[in-house]
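Asker: My file is my_file19.txt. It has compact mmCIF, C-alpha atoms and all ligand atoms:
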# COMPACT_ATOMS: atom_id res chain seq x y z
CA MET X 1 6.08 -15.97 -8.51
CA PRO X 2 9.43 -14.18 -9.03
CA GLU X 3 10.76 -12.12 -6.13
CA GLY X 4 10.09 -8.39 -6.02
CA LYS X 5 13.65 -7.53 -7.11
CA GLN X 6 13.33 -9.72 -10.20
CA VAL X 7 9.98 -8.11 -11.07
CA GLN X 8 11.52 -4.65 -10.67
CA ALA X 9 14.48 -5.62 -12.87
CA MET X 10 12.15 -7.01 -15.52
CA PHE X 11 9.97 -3.86 -15.66
CA SER X 12 13.02 -1.57 -15.50
CA GLY X 13 14.35 -3.37 -18.58
CA ILE X 14 11.20 -2.90 -20.68
CA ALA X 15 9.96 0.47 -19.29
CA GLY X 16 10.85 2.48 -22.39
CA LYS X 17 8.96 0.13 -24.72
CA TYR X 18 6.14 -0.78 -22.29
CA ASP X 19 3.44 1.58 -23.62
CA LEU X 20 4.10 0.79 -27.27
CA LEU X 21 4.00 -2.96 -26.61
CA ASN X 22 0.85 -2.68 -24.52
CA HIS X 23 -1.03 -0.94 -27.31
CA LEU X 24 0.42 -3.15 -30.04
CA LEU X 25 -0.03 -6.55 -28.38
CA SER X 26 -3.59 -5.76 -27.28
CA GLY X 27 -4.53 -4.25 -30.65
CA GLY X 28 -5.44 -1.01 -28.84
CA ILE X 29 -8.15 -2.60 -26.72
CA ASP X 30 -6.11 -1.74 -23.60
CA PHE X 31 -7.64 1.75 -23.65
CA TYR X 32 -11.14 0.28 -23.53
CA TRP X 33 -10.16 -2.01 -20.63
CA TRP X 34 -8.79 0.98 -18.62
CA TRP X 35 -11.94 2.95 -19.42
CA ARG X 36 -14.09 0.08 -18.08
CA MET X 37 -11.88 -0.16 -15.01
CA ALA X 38 -12.21 3.58 -14.32
CA ARG X 39 -15.98 3.43 -14.72
CA ALA X 40 -16.24 0.44 -12.36
CA SER X 41 -13.95 2.09 -9.78
CA GLY X 42 -16.46 4.86 -9.12
CA ALA X 43 -13.85 7.51 -10.01
CA THR X 44 -15.56 10.90 -9.92
CA LYS X 45 -14.79 14.46 -8.88
CA GLY X 46 -14.13 14.73 -5.17
CA ARG X 47 -12.96 11.12 -4.74
CA ARG X 48 -9.38 10.33 -3.83
CA LEU X 49 -8.01 7.13 -5.35
CA LEU X 50 -4.75 5.23 -5.01
CA ASP X 51 -3.56 3.55 -8.21
CA VAL X 52 -1.16 0.81 -7.08
CA ALA X 53 1.34 -0.72 -9.54
CA ALA X 54 0.48 2.19 -11.83
CA GLY X 55 3.54 1.68 -14.04
CA THR X 56 3.79 4.40 -16.68
CA GLY X 57 0.48 5.88 -15.56
CA ASP X 58 -2.10 4.99 -18.22
CA SER X 59 -4.39 3.44 -15.60
CA SER X 60 -4.08 6.62 -13.49
CA ILE X 61 -4.91 8.76 -16.54
CA ALA X 62 -8.15 6.81 -17.11
CA LEU X 63 -9.15 7.55 -13.49
CA ALA X 64 -8.25 11.26 -13.59
CA LYS X 65 -10.18 11.71 -16.84
CA ARG X 66 -13.30 11.06 -14.76
CA GLY X 67 -12.36 13.88 -12.42
CA ALA X 68 -10.96 11.85 -9.53
CA GLU X 69 -7.85 12.86 -7.63
CA VAL X 70 -5.27 10.08 -8.10
CA VAL X 71 -2.10 9.06 -6.32
CA SER X 72 -0.12 7.05 -8.86
CA THR X 73 2.40 4.68 -7.33
CA ASP X 74 4.61 1.72 -8.26
CA PHE X 75 7.73 0.03 -6.88
CA THR X 76 9.66 0.25 -10.19
CA HIS X 77 11.05 3.76 -10.48
CA ALA X 78 11.90 3.37 -14.20
CA MET X 79 8.18 2.81 -14.93
CA LEU X 80 6.78 5.43 -12.54
CA ARG X 81 9.05 8.24 -13.78
CA LEU X 82 7.48 8.01 -17.27
CA GLY X 83 4.03 9.02 -15.98
CA PRO X 84 4.35 12.76 -15.12
CA SER X 85 5.16 13.98 -18.65
CA LYS X 86 2.06 12.15 -19.93
CA PHE X 87 -0.06 13.66 -17.13
CA ARG X 88 1.19 17.16 -18.10
CA GLN X 89 0.63 16.54 -21.80
CA LYS X 90 -2.98 15.59 -21.09
CA LYS X 91 -3.37 18.52 -18.68
CA LEU X 92 -4.29 16.07 -15.94
CA ASP X 93 -1.27 16.94 -13.78
CA PRO X 94 -3.39 18.96 -11.32
CA LEU X 95 -5.29 15.74 -10.57
CA ILE X 96 -2.56 13.09 -10.56
CA TRP X 97 0.25 12.98 -8.08
CA ALA X 98 3.02 10.45 -8.80
CA SER X 99 4.16 9.33 -5.37
CA SER X 100 7.63 8.07 -4.62
CA ASP X 101 8.12 4.36 -5.23
CA ALA X 102 5.88 2.15 -3.11
CA ASP X 103 5.53 -1.60 -2.70
CA ALA X 104 1.95 -2.89 -2.71
CA MET X 105 2.84 -5.03 0.30
CA ALA X 106 4.01 -2.06 2.41
CA LEU X 107 2.18 1.08 1.34
CA PRO X 108 3.58 4.35 2.74
CA PHE X 109 0.16 5.83 3.48
CA LYS X 110 -1.84 6.37 6.66
CA ASP X 111 -4.80 4.17 7.57
CA GLU X 112 -8.14 5.03 5.95
CA THR X 113 -6.75 7.57 3.45
CA PHE X 114 -8.43 6.60 0.16
CA ASP X 115 -11.99 6.32 -1.17
CA GLY X 116 -10.84 3.67 -3.61
CA ILE X 117 -7.85 1.59 -4.71
CA THR X 118 -7.17 0.35 -8.21
CA ILE X 119 -4.55 -2.09 -9.43
CA CYS X 120 -4.31 -2.92 -13.14
CA TYR X 121 -2.18 -5.86 -14.33
CA GLY X 122 -0.17 -5.54 -11.14
CA ILE X 123 -1.55 -8.00 -8.59
CA ARG X 124 -0.41 -10.96 -10.74
CA ASN X 125 3.19 -9.86 -10.11
CA VAL X 126 2.92 -9.31 -6.36
CA GLU X 127 4.87 -11.85 -4.31
CA ASP X 128 2.43 -12.13 -1.40
CA ARG X 129 -1.09 -11.17 -2.50
CA ALA X 130 -2.66 -11.64 0.94
CA ARG X 131 -0.23 -9.08 2.36
CA ALA X 132 -1.12 -6.65 -0.41
CA TYR X 133 -4.88 -7.14 0.18
CA SER X 134 -4.49 -6.35 3.86
CA GLU X 135 -2.50 -3.21 2.99
CA PHE X 136 -5.29 -2.20 0.59
CA ALA X 137 -7.86 -2.70 3.35
CA ARG X 138 -5.75 -0.70 5.79
CA VAL X 139 -5.40 2.41 3.60
CA LEU X 140 -9.01 2.30 2.32
CA LYS X 141 -11.68 4.28 4.16
CA PRO X 142 -14.51 2.16 5.55
CA GLY X 143 -16.85 1.37 2.66
CA GLY X 144 -14.06 2.14 0.14
CA GLN X 145 -13.75 0.01 -2.97
CA LEU X 146 -10.91 -2.10 -4.35
CA THR X 147 -10.94 -2.52 -8.16
CA ILE X 148 -8.67 -5.06 -9.82
CA LEU X 149 -8.16 -5.24 -13.58
CA GLU X 150 -6.17 -8.35 -14.45
CA PHE X 151 -5.64 -10.96 -17.13
CA SER X 152 -7.88 -13.90 -16.44
CA THR X 153 -9.27 -17.12 -17.90
CA PRO X 154 -11.16 -16.81 -21.21
CA VAL X 155 -14.62 -18.32 -20.87
CA ILE X 156 -15.49 -19.02 -24.54
CA PRO X 157 -14.01 -22.48 -25.43
CA GLY X 158 -12.92 -21.91 -29.09
CA PHE X 159 -11.70 -18.44 -28.30
CA ARG X 160 -9.65 -19.77 -25.38
CA GLY X 161 -7.61 -22.00 -27.73
CA LEU X 162 -6.95 -19.12 -30.09
CA TYR X 163 -5.92 -16.89 -27.20
CA ILE X 164 -3.53 -19.50 -25.77
CA TRP X 165 -1.94 -19.95 -29.19
CA TYR X 166 -1.53 -16.15 -29.56
CA SER X 167 -0.11 -15.66 -26.07
CA LEU X 168 2.34 -18.58 -26.27
CA LYS X 169 3.46 -18.35 -29.89
CA ILE X 170 2.97 -14.81 -31.19
CA LEU X 171 3.12 -12.49 -28.20
CA PRO X 172 6.59 -13.55 -26.89
CA SER X 173 8.19 -13.12 -30.33
CA ILE X 174 6.74 -9.63 -30.91
CA GLY X 175 7.55 -8.66 -27.31
CA ALA X 176 11.14 -9.90 -27.63
CA MET X 177 11.64 -8.23 -31.01
CA ILE X 178 10.52 -4.79 -29.84
CA SER X 179 11.69 -4.74 -26.23
CA GLY X 180 14.86 -6.77 -26.78
CA ASP X 181 13.87 -8.82 -23.71
CA LYS X 182 12.64 -12.32 -24.50
CA SER X 183 12.19 -13.35 -20.86
CA ALA X 184 9.72 -10.57 -19.96
CA TYR X 185 7.31 -11.57 -22.69
CA THR X 186 7.70 -15.28 -21.99
CA TYR X 187 6.99 -14.54 -18.33
CA LEU X 188 3.76 -12.70 -19.25
CA PRO X 189 1.73 -15.69 -20.60
CA GLU X 190 3.25 -17.98 -17.98
CA SER X 191 2.21 -15.66 -15.14
CA ILE X 192 -1.29 -15.40 -16.61
CA ARG X 193 -1.56 -19.19 -16.85
CA THR X 194 -0.70 -19.69 -13.19
CA PHE X 195 -2.81 -16.79 -11.88
CA PRO X 196 -6.13 -17.66 -10.16
CA ASP X 197 -9.20 -17.67 -12.40
CA GLN X 198 -12.13 -15.31 -11.83
CA LYS X 199 -13.80 -17.34 -9.11
CA ARG X 200 -10.62 -18.14 -7.17
CA LEU X 201 -9.53 -14.50 -7.19
CA ALA X 202 -12.94 -13.49 -5.84
CA MET X 203 -12.56 -16.11 -3.09
CA GLU X 204 -9.11 -14.74 -2.18
CA LEU X 205 -10.59 -11.27 -1.75
CA GLU X 206 -13.44 -12.57 0.38
CA ALA X 207 -10.99 -14.53 2.51
CA THR X 208 -9.16 -11.29 3.35
CA GLY X 209 -12.37 -9.55 4.42
CA PHE X 210 -13.59 -7.75 1.29
CA LYS X 211 -17.38 -7.74 0.92
CA SER X 212 -19.76 -7.65 -2.06
CA VAL X 213 -17.03 -9.14 -4.26
CA ARG X 214 -18.06 -9.57 -7.90
CA TRP X 215 -16.44 -9.64 -11.30
CA THR X 216 -17.12 -8.77 -14.94
CA ASN X 217 -15.41 -10.52 -17.84
CA LEU X 218 -14.14 -8.24 -20.58
CA THR X 219 -13.42 -9.46 -24.11
CA GLY X 220 -14.51 -13.01 -23.38
CA GLY X 221 -12.60 -13.17 -20.10
CA ILE X 222 -9.14 -12.28 -21.49
CA VAL X 223 -9.26 -9.79 -18.66
CA ALA X 224 -11.59 -9.55 -15.68
CA LEU X 225 -12.61 -6.66 -13.49
CA HIS X 226 -13.05 -7.58 -9.82
CA VAL X 227 -14.50 -5.20 -7.28
CA GLY X 228 -14.93 -5.59 -3.54
CA SER X 229 -15.57 -3.25 -0.63
CA LYS X 230 -14.02 -2.75 2.76
CA PRO X 231 -16.79 -3.21 5.34
CA GLY X 232 -18.21 0.19 6.32
C1 LIG Y 1 2.03 -4.66 -16.27
S1 LIG Y 1 2.49 -3.22 -15.35
C2 LIG Y 1 0.94 -2.37 -15.16
C3 LIG Y 1 1.07 -0.88 -15.16
C4 LIG Y 1 -0.25 -0.10 -15.23
N1 LIG Y 1 -1.10 -0.33 -14.08
C5 LIG Y 1 -1.01 -0.38 -16.50
O1 LIG Y 1 -2.20 -0.68 -16.42
O2 LIG Y 1 -0.39 -0.26 -17.57
C6 LIG Y 1 2.71 -3.96 -13.77
C7 LIG Y 1 3.36 -3.02 -12.78
O3 LIG Y 1 3.26 -3.64 -11.48
C8 LIG Y 1 4.36 -3.19 -10.73
N2 LIG Y 1 4.48 -4.05 -9.54
C9 LIG Y 1 4.67 -5.39 -9.49
N3 LIG Y 1 4.75 -5.80 -8.22
C10 LIG Y 1 4.58 -4.69 -7.44
C11 LIG Y 1 4.57 -4.48 -6.04
N4 LIG Y 1 4.75 -5.47 -5.16
N5 LIG Y 1 4.37 -3.22 -5.60
C12 LIG Y 1 4.20 -2.18 -6.46
N6 LIG Y 1 4.23 -2.32 -7.81
C13 LIG Y 1 4.42 -3.57 -8.29
C14 LIG Y 1 5.52 -3.27 -11.72
O4 LIG Y 1 6.61 -2.49 -11.31
C15 LIG Y 1 4.85 -2.78 -13.01
O5 LIG Y 1 5.08 -1.41 -13.21
Can you turn what I pasted into structure tokens?
Ligand SMILES: C[S@@+](CC[C@H](N)C(=O)[O-])C[C@H]1O[C@@H](n2cnc3c(N)ncnc32)[C@H](O)[C@@H]1O

Answerer:
Amino acid sequence: MPEGKQVQAMFSGIAGKYDLLNHLLSGGIDFYWWWRMARASGATKGRRLLDVAAGTGDSSIALAKRGAEVVSTDFTHAMLRLGPSKFRQKKLDPLIWASSDADAMALPFKDETFDGITICYGIRNVEDRARAYSEFARVLKPGGQLTILEFSTPVIPGFRGLYIWYSLKILPSIGAMISGDKSAYTYLPESIRTFPDQKRLAMELEATGFKSVRWTNLTGGIVALHVGSKPG
């Protein structure tokens, strides 16, 4: 796992092209994955959610579209600063507040502040996941839910081979061509390959005290949605 400063430098370098590449490399299915995440998170009117590692804010937008109040935060300023104009454009700015930069491992929020926490494609990049989980538990209200959307391990054998070929051979070239940064899009499949699979991630969450941990595979397990609750 690269150090936080390296992760920040990497995302600062690709921030301007991040949204375009997300939509292009996923074939547009990223919107469906955020929609599923928002539905699973229990985002509704009257609930206050913290979207950690929110990047340019698309994950926060999916939550606010369901009426939830969202604090959108990230430790890479170059990513986070791109969110507010999108929130205004979608007239969701009354619901989403882009906080100042915050590290998932040291959240600048009081204990028991949020009804839910979401983190989409962020936890894979966090240097010390256990530290982040305990921060999530600290700022969640009792009974609050953590929702993680993350790349995972495809579960359909033939499909897995095709996906590995795409992510190792095609994705880095397109990513490098458009972003001008070869290393960021070589890091992406490598970080996915070394990230815990569905079951191991669930065990990590249980080991840090989250209850009722379960997951749903999306698109054959290319990504997985994990949820777990802070004991009430
Ligand atoms: C792939 S982007 C995901 C952005 C957004 N959630 C989405 O779904 O498009 C990953 C984000 O995680 C952030 N990140 C990585 N490590 C972090 C940490 N320790 N604390 C806060 N943000 C972090 C990066 O700055 C980057 O913006």

Asker: Check every protein, DNA and RNA residue against ligand LIG 1 (chain Y), keep those with an atom at most 7 Å away (counting all atoms listed in the file), and present them as a ChimeraX atom specification.

Answerer: /X:4,7-8,11,52-59,74-76,79,102-105,119-123,125-127

Asker: Go through X:Thr118, X:Asn22, X:Ser85, X:Ser99 one by one, measure the shortest atom-to-atom distance of each to X:Leu63 using only C-alpha atoms, and give the residue with the smallest value.

Answerer: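 Residue with the minimum atom-to-atom distance to X:Leu63: X:Thr118.
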
Asker: Anything within 9 Å of (-10.8, -11.5, -11.0): list those residues as number ranges by chain, counting all atoms listed in the file and sticking to the file's coordinates.

Answerer: X: 148-152, 196-202, 214-217, 223-227

Asker: Just how far from atom CA of X:Gly158 is atom CA of X:Thr219, in Å to one decimal?

Answerer: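 Interatomic distance here is 13.4 Å.
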
Asker: Expressed in Å to a single decimal, how great is the separation between atom CA of X:Val70 and atom CA of X:Ala98?

Answerer: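 Distance reported for this atom pair: 8.3 Å.
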
Asker: Could you work out how far atom CA of X:Lys211 lies from atom CA of X:Tyr133, giving the answer in Å with one decimal?

Answerer: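 Separation of atom CA of X:Tyr133 and atom CA of X:Lys211: 12.5 Å.
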
Asker: Using all atoms listed in the file, which residue out of X:Val71, X:Asp93, X:Arg36, X:Asp115 lies closest to X:Pro142?

Answerer: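 Distance minimum relative to X:Pro142 lands on X:Asp115.
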
Asker: Check the smallest atom-to-atom distance from each of X:Phe87, X:Gly221, X:Tyr32, X:Arg81 to X:Arg160 using all atoms listed in the file, then report the winner.

Answerer: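 Ranked by minimum distance to X:Arg160, first place goes to X:Gly221.
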
Asker: Which residue is closest to X:Leu168? Choose from X:Thr147, X:Ser134, X:Ser191, X:Ser72 and count only C-alpha atoms.

Answerer: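 Answer, going by the shortest atom-to-atom distance: X:Ser191.
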
Asker: Pick from X:Leu188, X:Ile178, X:Ile164, X:Val139: nearest to X:Arg48, with all atoms listed in the file counted?

Answerer: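 Checking each of X:Leu188, X:Ile178, X:Ile164, X:Val139 against X:Arg48, counting all atoms listed in the file, the winner is X:Val139.
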
Asker: Within 12 Å of X:Lys230, counting all atoms listed in the file, which residues qualify if same-chain residues fewer than 2 places away don't, as a ChimeraX atom specification?

Answerer: /X:112,114-117,133-147,205-206,208-213,227-228,232

Asker: Pick from X:Gly180, X:Ala64, X:Ala130, X:Arg124: nearest to X:Ile192, with all atoms listed in the file counted?

Answerer: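 With all atoms listed in the file as the atom set, the closest residue is X:Arg124.
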
Asker: Provide an axis-aligned box for all listed atoms of stretch 178-191 of chain X, padding each side by 5 Å; report its centre and its edge lengths in Å to one decimal, as JSON.

Answerer:
{"center_x": 8.3, "center_y": -11.4, "center_z": -22.5, "size_x": 23.1, "size_y": 23.2, "size_z": 24.7}

Asker: Write out as a PDB file with C-alpha atoms, in the frame of the given file which residues come within 10 Å of X:Arg66 when counting all atoms listed in the file, dropping same-chain ones fewer than 3 positions away.

Answerer:
ATOM      1  CA  TRP X  35     -11.940   2.950 -19.420  1.00  0.00           C
ATOM      2  CA  ALA X  38     -12.210   3.580 -14.320  1.00  0.00           C
ATOM      3  CA  ARG X  39     -15.980   3.430 -14.720  1.00  0.00           C
ATOM      4  CA  GLY X  42     -16.460   4.860  -9.120  1.00  0.00           C
ATOM      5  CA  ALA X  43     -13.850   7.510 -10.010  1.00  0.00           C
ATOM      6  CA  THR X  44     -15.560  10.900  -9.920  1.00  0.00           C
ATOM      7  CA  LYS X  45     -14.790  14.460  -8.880  1.00  0.00           C
ATOM      8  CA  ILE X  61      -4.910   8.760 -16.540  1.00  0.00           C
ATOM      9  CA  ALA X  62      -8.150   6.810 -17.110  1.00  0.00           C
ATOM     10  CA  LEU X  63      -9.150   7.550 -13.490  1.00  0.00           C
ATOM     11  CA  GLU X  69      -7.850  12.860  -7.630  1.00  0.00           C
TER      12      GLU X  69
END

Asker: How about completing stretch 119-138 of chain X with N, CA and C atoms and giving it to me as a PDB file, in the coordinates of the input?

Answerer:
ATOM      1  N   ILE X 119      -5.816  -1.441  -9.054  1.00  0.00           N
ATOM      2  CA  ILE X 119      -4.550  -2.090  -9.430  1.00  0.00           C
ATOM      3  C   ILE X 119      -4.809  -2.820 -10.757  1.00  0.00           C
ATOM      4  N   CYS X 120      -4.083  -2.390 -11.787  1.00  0.00           N
ATOM      5  CA  CYS X 120      -4.310  -2.920 -13.140  1.00  0.00           C
ATOM      6  C   CYS X 120      -3.084  -3.711 -13.585  1.00  0.00           C
ATOM      7  N   TYR X 121      -3.255  -4.962 -13.863  1.00  0.00           N
ATOM      8  CA  TYR X 121      -2.180  -5.860 -14.330  1.00  0.00           C
ATOM      9  C   TYR X 121      -0.989  -5.867 -13.378  1.00  0.00           C
ATOM     10  N   GLY X 122      -1.259  -5.591 -12.111  1.00  0.00           N
ATOM     11  CA  GLY X 122      -0.170  -5.540 -11.140  1.00  0.00           C
ATOM     12  C   GLY X 122      -0.235  -6.674 -10.137  1.00  0.00           C
ATOM     13  N   ILE X 123      -1.428  -7.041  -9.693  1.00  0.00           N
ATOM     14  CA  ILE X 123      -1.550  -8.000  -8.590  1.00  0.00           C
ATOM     15  C   ILE X 123      -0.955  -9.360  -8.956  1.00  0.00           C
ATOM     16  N   ARG X 124      -0.975  -9.689 -10.249  1.00  0.00           N
ATOM     17  CA  ARG X 124      -0.410 -10.960 -10.740  1.00  0.00           C
ATOM     18  C   ARG X 124       1.092 -11.052 -10.443  1.00  0.00           C
ATOM     19  N   ASN X 125       1.735  -9.879 -10.321  1.00  0.00           N
ATOM     20  CA  ASN X 125       3.190  -9.860 -10.110  1.00  0.00           C
ATOM     21  C   ASN X 125       3.585  -9.724  -8.646  1.00  0.00           C
ATOM     22  N   VAL X 126       2.615  -9.568  -7.768  1.00  0.00           N
ATOM     23  CA  VAL X 126       2.920  -9.310  -6.360  1.00  0.00           C
ATOM     24  C   VAL X 126       3.252 -10.642  -5.665  1.00  0.00           C
ATOM     25  N   GLU X 127       4.352 -10.620  -4.930  1.00  0.00           N
ATOM     26  CA  GLU X 127       4.870 -11.850  -4.310  1.00  0.00           C
ATOM     27  C   GLU X 127       3.904 -12.465  -3.308  1.00  0.00           C
ATOM     28  N   ASP X 128       3.332 -11.621  -2.449  1.00  0.00           N
ATOM     29  CA  ASP X 128       2.430 -12.130  -1.400  1.00  0.00           C
ATOM     30  C   ASP X 128       1.112 -11.344  -1.507  1.00  0.00           C
ATOM     31  N   ARG X 129       0.151 -11.911  -2.236  1.00  0.00           N
ATOM     32  CA  ARG X 129      -1.090 -11.170  -2.500  1.00  0.00           C
ATOM     33  C   ARG X 129      -1.873 -10.892  -1.226  1.00  0.00           C
ATOM     34  N   ALA X 130      -1.878 -11.844  -0.293  1.00  0.00           N
ATOM     35  CA  ALA X 130      -2.660 -11.640   0.940  1.00  0.00           C
ATOM     36  C   ALA X 130      -2.138 -10.409   1.691  1.00  0.00           C
ATOM     37  N   ARG X 131      -0.815 -10.243   1.675  1.00  0.00           N
ATOM     38  CA  ARG X 131      -0.230  -9.080   2.360  1.00  0.00           C
ATOM     39  C   ARG X 131      -0.671  -7.791   1.665  1.00  0.00           C
ATOM     40  N   ALA X 132      -0.685  -7.837   0.340  1.00  0.00           N
ATOM     41  CA  ALA X 132      -1.120  -6.650  -0.410  1.00  0.00           C
ATOM     42  C   ALA X 132      -2.591  -6.351  -0.110  1.00  0.00           C
ATOM     43  N   TYR X 133      -3.452  -7.383  -0.089  1.00  0.00           N
ATOM     44  CA  TYR X 133      -4.880  -7.140   0.180  1.00  0.00           C
ATOM     45  C   TYR X 133      -5.053  -6.495   1.555  1.00  0.00           C
ATOM     46  N   SER X 134      -4.271  -6.938   2.532  1.00  0.00           N
ATOM     47  CA  SER X 134      -4.490  -6.350   3.860  1.00  0.00           C
ATOM     48  C   SER X 134      -3.961  -4.915   3.903  1.00  0.00           C
ATOM     49  N   GLU X 135      -2.937  -4.608   3.106  1.00  0.00           N
ATOM     50  CA  GLU X 135      -2.500  -3.210   2.990  1.00  0.00           C
ATOM     51  C   GLU X 135      -3.589  -2.361   2.312  1.00  0.00           C
ATOM     52  N   PHE X 136      -4.219  -2.931   1.283  1.00  0.00           N
ATOM     53  CA  PHE X 136      -5.290  -2.200   0.590  1.00  0.00           C
ATOM     54  C   PHE X 136      -6.410  -1.883   1.591  1.00  0.00           C
ATOM     55  N   ALA X 137      -6.775  -2.892   2.373  1.00  0.00           N
ATOM     56  CA  ALA X 137      -7.860  -2.700   3.350  1.00  0.00           C
ATOM     57  C   ALA X 137      -7.460  -1.652   4.386  1.00  0.00           C
ATOM     58  N   ARG X 138      -6.188  -1.652   4.766  1.00  0.00           N
ATOM     59  CA  ARG X 138      -5.750  -0.700   5.790  1.00  0.00           C
ATOM     60  C   ARG X 138      -5.870   0.746   5.302  1.00  0.00           C
TER      61      ARG X 138
END
